[in-house]
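Heads up, structure03.json below (JSON, C-alpha atoms):
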```json
[["chain", "number", "residue", "atom", "x", "y", "z"],
["A", 1353, "MET", "CA", -27.76, -22.28, 13.29],
["A", 1354, "VAL", "CA", -24.14, -21.15, 13.23],
["A", 1355, "LEU", "CA", -22.08, -22.57, 10.39],
["A", 1356, "PRO", "CA", -18.44, -23.56, 10.96],
["A", 1357, "ASP", "CA", -15.62, -21.44, 9.58],
["A", 1358, "ARG", "CA", -14.29, -22.81, 6.29],
["A", 1359, "LEU", "CA", -11.46, -22.25, 3.84],
["A", 1360, "VAL", "CA", -12.49, -20.89, 0.44],
["A", 1361, "ASP", "CA", -10.77, -19.68, -2.72],
["A", 1362, "GLY", "CA", -12.15, -16.15, -2.51],
["A", 1363, "VAL", "CA", -14.61, -13.86, -0.81],
["A", 1364, "SER", "CA", -16.47, -10.73, -1.86],
["A", 1365, "GLY", "CA", -14.55, -7.52, -1.33],
["A", 1366, "CYS", "CA", -17.60, -5.93, 0.28],
["A", 1367, "ALA", "CA", -17.07, -8.05, 3.39],
["A", 1368, "MET", "CA", -13.31, -8.58, 3.68],
["A", 1369, "LEU", "CA", -11.25, -8.13, 6.80],
["A", 1370, "ILE", "CA", -7.57, -8.18, 5.81],
["A", 1371, "ARG", "CA", -4.54, -8.14, 8.08],
["A", 1372, "GLY", "CA", -1.89, -5.55, 7.33],
["A", 1373, "SER", "CA", 0.68, -8.31, 6.95],
["A", 1374, "VAL", "CA", -1.15, -9.54, 3.85],
["A", 1375, "PHE", "CA", -0.82, -6.13, 2.17],
["A", 1376, "GLU", "CA", 2.83, -5.94, 3.26],
["A", 1377, "SER", "CA", 3.47, -9.33, 1.67],
["A", 1378, "ILE", "CA", 1.52, -9.14, -1.62],
["A", 1379, "GLY", "CA", 0.75, -5.46, -2.09],
["A", 1380, "LEU", "CA", -2.53, -3.71, -2.80],
["A", 1381, "PHE", "CA", -5.40, -4.63, -5.10],
["A", 1382, "ASP", "CA", -4.38, -4.80, -8.78],
["A", 1383, "GLU", "CA", -5.50, -1.63, -10.58],
["A", 1384, "ASP", "CA", -5.96, -3.59, -13.83],
["A", 1385, "TYR", "CA", -9.16, -4.92, -12.22],
["A", 1386, "PHE", "CA", -10.79, -1.52, -11.79],
["A", 1387, "TYR", "CA", -14.39, -2.73, -11.87],
["A", 1388, "SER", "CA", -14.72, -6.40, -11.04],
["A", 1389, "PHE", "CA", -12.82, -9.48, -9.87],
["A", 1390, "GLU", "CA", -10.20, -7.47, -7.99],
["A", 1391, "ASP", "CA", -11.31, -9.17, -4.78],
["A", 1392, "LEU", "CA", -10.91, -12.69, -6.22],
["A", 1393, "ASP", "CA", -7.54, -11.78, -7.74],
["A", 1394, "PHE", "CA", -6.39, -10.49, -4.34],
["A", 1395, "CYS", "CA", -7.56, -13.65, -2.54],
["A", 1396, "LEU", "CA", -5.77, -15.90, -5.02],
["A", 1397, "LYS", "CA", -2.53, -13.89, -4.70],
["A", 1398, "ALA", "CA", -2.77, -14.13, -0.93],
["A", 1399, "ARG", "CA", -3.29, -17.87, -1.14],
["A", 1400, "ARG", "CA", -0.21, -18.28, -3.36],
["A", 1401, "ALA", "CA", 1.75, -16.31, -0.74],
["A", 1402, "GLY", "CA", 0.69, -18.76, 1.97],
["A", 1403, "PHE", "CA", -2.29, -16.93, 3.47],
["A", 1404, "ALA", "CA", -5.74, -18.47, 3.89],
["A", 1405, "THR", "CA", -9.11, -17.04, 2.91],
["A", 1406, "VAL", "CA", -11.71, -18.05, 5.45],
["A", 1407, "VAL", "CA", -15.46, -17.56, 5.62],
["A", 1408, "ALA", "CA", -16.46, -16.86, 9.23],
["A", 1409, "GLY", "CA", -19.53, -19.04, 9.67],
["A", 1410, "ALA", "CA", -20.93, -16.98, 12.55],
["A", 1411, "ALA", "CA", -20.62, -13.67, 10.69],
["A", 1412, "THR", "CA", -23.44, -11.85, 8.94],
["A", 1413, "ALA", "CA", -22.80, -9.16, 6.34],
["A", 1414, "TYR", "CA", -25.31, -6.92, 4.60],
["A", 1415, "HIS", "CA", -24.35, -5.32, 1.31],
["A", 1416, "GLU", "CA", -26.48, -2.98, -0.75],
["A", 1417, "GLY", "CA", -24.79, -3.00, -4.12],
["A", 1418, "GLY", "CA", -24.73, -0.34, -6.78],
["A", 1419, "HIS", "CA", -23.74, 2.68, -4.73],
["A", 1420, "SER", "CA", -20.29, 3.29, -6.19],
["A", 1421, "ILE", "CA", -21.34, 3.23, -9.85],
["A", 1422, "GLY", "CA", -25.12, 3.51, -9.56],
["A", 1423, "ALA", "CA", -27.61, 0.67, -9.90],
["A", 1424, "ASN", "CA", -29.06, 2.04, -13.17],
["A", 1425, "SER", "CA", -25.91, 3.55, -14.62],
["A", 1426, "PRO", "CA", -25.12, 2.78, -18.29],
["A", 1427, "ARG", "CA", -21.50, 2.41, -17.17],
["A", 1428, "ARG", "CA", -22.52, -0.75, -15.28],
["A", 1429, "LEU", "CA", -23.42, -2.43, -18.59],
["A", 1430, "TYR", "CA", -20.39, -1.00, -20.37],
["A", 1431, "PHE", "CA", -17.89, -2.31, -17.80],
["A", 1432, "ARG", "CA", -19.58, -5.71, -17.68],
["A", 1433, "GLY", "CA", -19.29, -6.01, -21.47],
["A", 1434, "ALA", "CA", -23.06, -6.45, -21.91]]
```

Rewrite the coordinates I just gave you, this time as structure tokens.
Amino acid sequence: MVLPDRLVDGVSGCAMLIRGSVFESIGLFDEDYFYSFEDLDFCLKARRAGFATVVAGAATAYHEGGHSIGANSPRRLYFRGA
């Protein structure tokens, strides 16, 4: 079953497709969010600038997390504040 496209507040950065005009309008990802939530921050800034964040219902994305920092890295716990 194919789900319909729908507007959302934010999407995961691992599966974003972003038009160049969005970057031209709001800039790049905020470096203050160097580990987490940079994708949500970006989506909310884009929304405030008049852009929409849409989930493509027919799309499928596979993401194997943990490659940039390492699934068992102590830094993962440190950056999460655990």

**Message:** Give me, as an MDAnalysis selection string, all polymer residues having an atom no more than 7 Å from region 1361-1368 of chain A, counting only C-alpha atoms and skipping those fewer than 6 positions away in the same chain.
**Reply:** chainID A and resid 1391:1392 1395:1396 1405 1413 1415

**Fill in**
Taken to one decimal, the CA of Asp1382 (chain A)-CA of Thr1412 (chain A) distance is 27.0 Å

**Request:** Counting all atoms listed in the file, figure out which residue out of A:Ala1408, A:Leu1429, A:Leu1355, A:Ala1398 gets nearest to Gly1372 (chain A).
**Result:** A:Ala1398

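Across the structure, CA of Met1353 (chain A) and CA of Ile1370 (chain A) are spaced 25.7 Å apart.
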
**Message:** Which residue is closest to Asp1357 (chain A)? Choose from A:Asn1424, A:Ala1404, A:Ile1378, A:Ala1410 and count only C-alpha atoms.
**Reply:** A:Ala1410

When you look at Tyr1385 (chain A) with a cut-off of 12 Å (counting all atoms listed in the file), what residues show up, excluding the ones that are within fewer than 5 positions of it in the same chain? I need them as a short mmCIF file (atom, residue, chain, number, x, y, z; two decimals) with C-alpha atoms, keeping the file's coordinate frame.
```
data_model
loop_
_atom_site.label_atom_id
_atom_site.label_comp_id
_atom_site.auth_asym_id
_atom_site.auth_seq_id
_atom_site.Cartn_x
_atom_site.Cartn_y
_atom_site.Cartn_z
CA LEU A 1380 -2.53 -3.71 -2.80
CA GLU A 1390 -10.20 -7.47 -7.99
CA ASP A 1391 -11.31 -9.17 -4.78
CA LEU A 1392 -10.91 -12.69 -6.22
CA ASP A 1393 -7.54 -11.78 -7.74
CA PHE A 1394 -6.39 -10.49 -4.34
CA PHE A 1431 -17.89 -2.31 -17.80
CA ARG A 1432 -19.58 -5.71 -17.68
#
```

Return as JSON the box centre and box size in Å, one decimal, for an axis-aligned box around all listed atoms of region 1355-1367 of chain A padded by 4 Å per side.
```
{"center_x": -16.4, "center_y": -14.7, "center_z": 4.1, "size_x": 19.3, "size_y": 25.6, "size_z": 21.7}
```

**Item:** Residue nearest Tyr1430 (chain A) - candidates A:Phe1375, A:Tyr1414, A:Phe1403, A:Tyr1387, atoms counted: only C-alpha atoms
**Value:** A:Tyr1387

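Residue nearest Gly1379 (chain A), chosen from A:Val1360, A:Gly1409, A:Pro1426, A:Lys1397 and counting all atoms listed in the file: A:Lys1397.
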
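Here the question is which of A:Val1354, A:Ile1421, A:Leu1359, A:Phe1386 gets nearest to Val1406 (chain A) using all atoms listed in the file, and that residue is A:Leu1359.
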
From the structure just shown, export region 1358-1433 of chain A with C-alpha atoms as a CSV table (one decimal), in the first residue's frame.
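Result file follows (out.csv):
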```csv
chain,number,residue,atom,x,y,z
A,1358,ARG,CA,1.9,14.6,3.9
A,1359,LEU,CA,3.1,17.7,5.5
A,1360,VAL,CA,5.2,17.3,8.7
A,1361,ASP,CA,7.2,19.4,11.1
A,1362,GLY,CA,10.5,17.7,10.4
A,1363,VAL,CA,12.2,14.7,8.9
A,1364,SER,CA,15.3,12.8,9.6
A,1365,GLY,CA,18.5,14.2,8.0
A,1366,CYS,CA,19.5,10.8,6.8
A,1367,ALA,CA,16.7,10.9,4.2
A,1368,MET,CA,16.3,14.5,3.2
A,1369,LEU,CA,16.2,15.9,-0.3
A,1370,ILE,CA,16.6,19.7,-0.2
A,1371,ARG,CA,16.3,22.2,-3.0
A,1372,GLY,CA,19.1,24.7,-3.4
A,1373,SER,CA,16.7,27.5,-3.0
A,1374,VAL,CA,16.1,26.5,0.6
A,1375,PHE,CA,19.8,26.8,1.4
A,1376,GLU,CA,20.0,30.1,-0.4
A,1377,SER,CA,17.1,31.4,1.7
A,1378,ILE,CA,17.9,30.1,5.2
A,1379,GLY,CA,21.5,29.1,5.0
A,1380,LEU,CA,23.2,25.8,6.0
A,1381,PHE,CA,22.7,23.6,9.0
A,1382,ASP,CA,23.4,25.3,12.4
A,1383,GLU,CA,26.8,24.2,13.6
A,1384,ASP,CA,25.6,24.6,17.3
A,1385,TYR,CA,23.8,21.3,16.7
A,1386,PHE,CA,26.9,19.3,15.9
A,1387,TYR,CA,25.5,15.9,17.0
A,1388,SER,CA,21.7,15.8,17.1
A,1389,PHE,CA,18.6,17.8,16.2
A,1390,GLU,CA,20.3,19.7,13.4
A,1391,ASP,CA,17.8,18.2,11.0
A,1392,LEU,CA,14.8,19.2,13.0
A,1393,ASP,CA,16.2,22.7,13.5
A,1394,PHE,CA,16.7,23.1,9.8
A,1395,CYS,CA,13.2,21.9,9.0
A,1396,LEU,CA,11.7,24.4,11.4
A,1397,LYS,CA,13.7,27.3,10.0
A,1398,ALA,CA,12.6,26.3,6.5
A,1399,ARG,CA,9.0,26.2,7.6
A,1400,ARG,CA,9.3,29.7,9.1
A,1401,ALA,CA,10.7,30.9,5.8
A,1402,GLY,CA,7.7,29.6,4.0
A,1403,PHE,CA,8.9,26.2,2.8
A,1404,ALA,CA,7.1,22.9,3.4
A,1405,THR,CA,8.5,19.7,4.8
A,1406,VAL,CA,6.8,16.7,3.2
A,1407,VAL,CA,7.1,13.0,3.7
A,1408,ALA,CA,6.9,11.2,0.3
A,1409,GLY,CA,4.5,8.4,1.0
A,1410,ALA,CA,5.7,6.3,-1.9
A,1411,ALA,CA,9.4,6.6,-0.9
A,1412,THR,CA,11.4,4.0,1.0
A,1413,ALA,CA,14.6,4.8,2.8
A,1414,TYR,CA,17.1,2.5,4.5
A,1415,HIS,CA,19.4,3.9,7.1
A,1416,GLU,CA,22.0,2.0,9.0
A,1417,GLY,CA,22.9,4.3,11.9
A,1418,GLY,CA,26.1,4.6,13.9
A,1419,HIS,CA,28.6,4.8,11.1
A,1420,SER,CA,29.7,8.4,11.6
A,1421,ILE,CA,30.5,8.1,15.3
A,1422,GLY,CA,30.4,4.4,15.8
A,1423,ALA,CA,27.6,2.3,17.2
A,1424,ASN,CA,29.6,1.4,20.4
A,1425,SER,CA,31.6,4.6,20.8
A,1426,PRO,CA,31.7,6.1,24.3
A,1427,ARG,CA,31.3,9.5,22.5
A,1428,ARG,CA,27.7,8.4,21.6
A,1429,LEU,CA,26.8,8.4,25.3
A,1430,TYR,CA,28.8,11.6,26.0
A,1431,PHE,CA,27.1,13.6,23.3
A,1432,ARG,CA,23.6,12.3,24.3
A,1433,GLY,CA,24.2,13.4,27.9
```
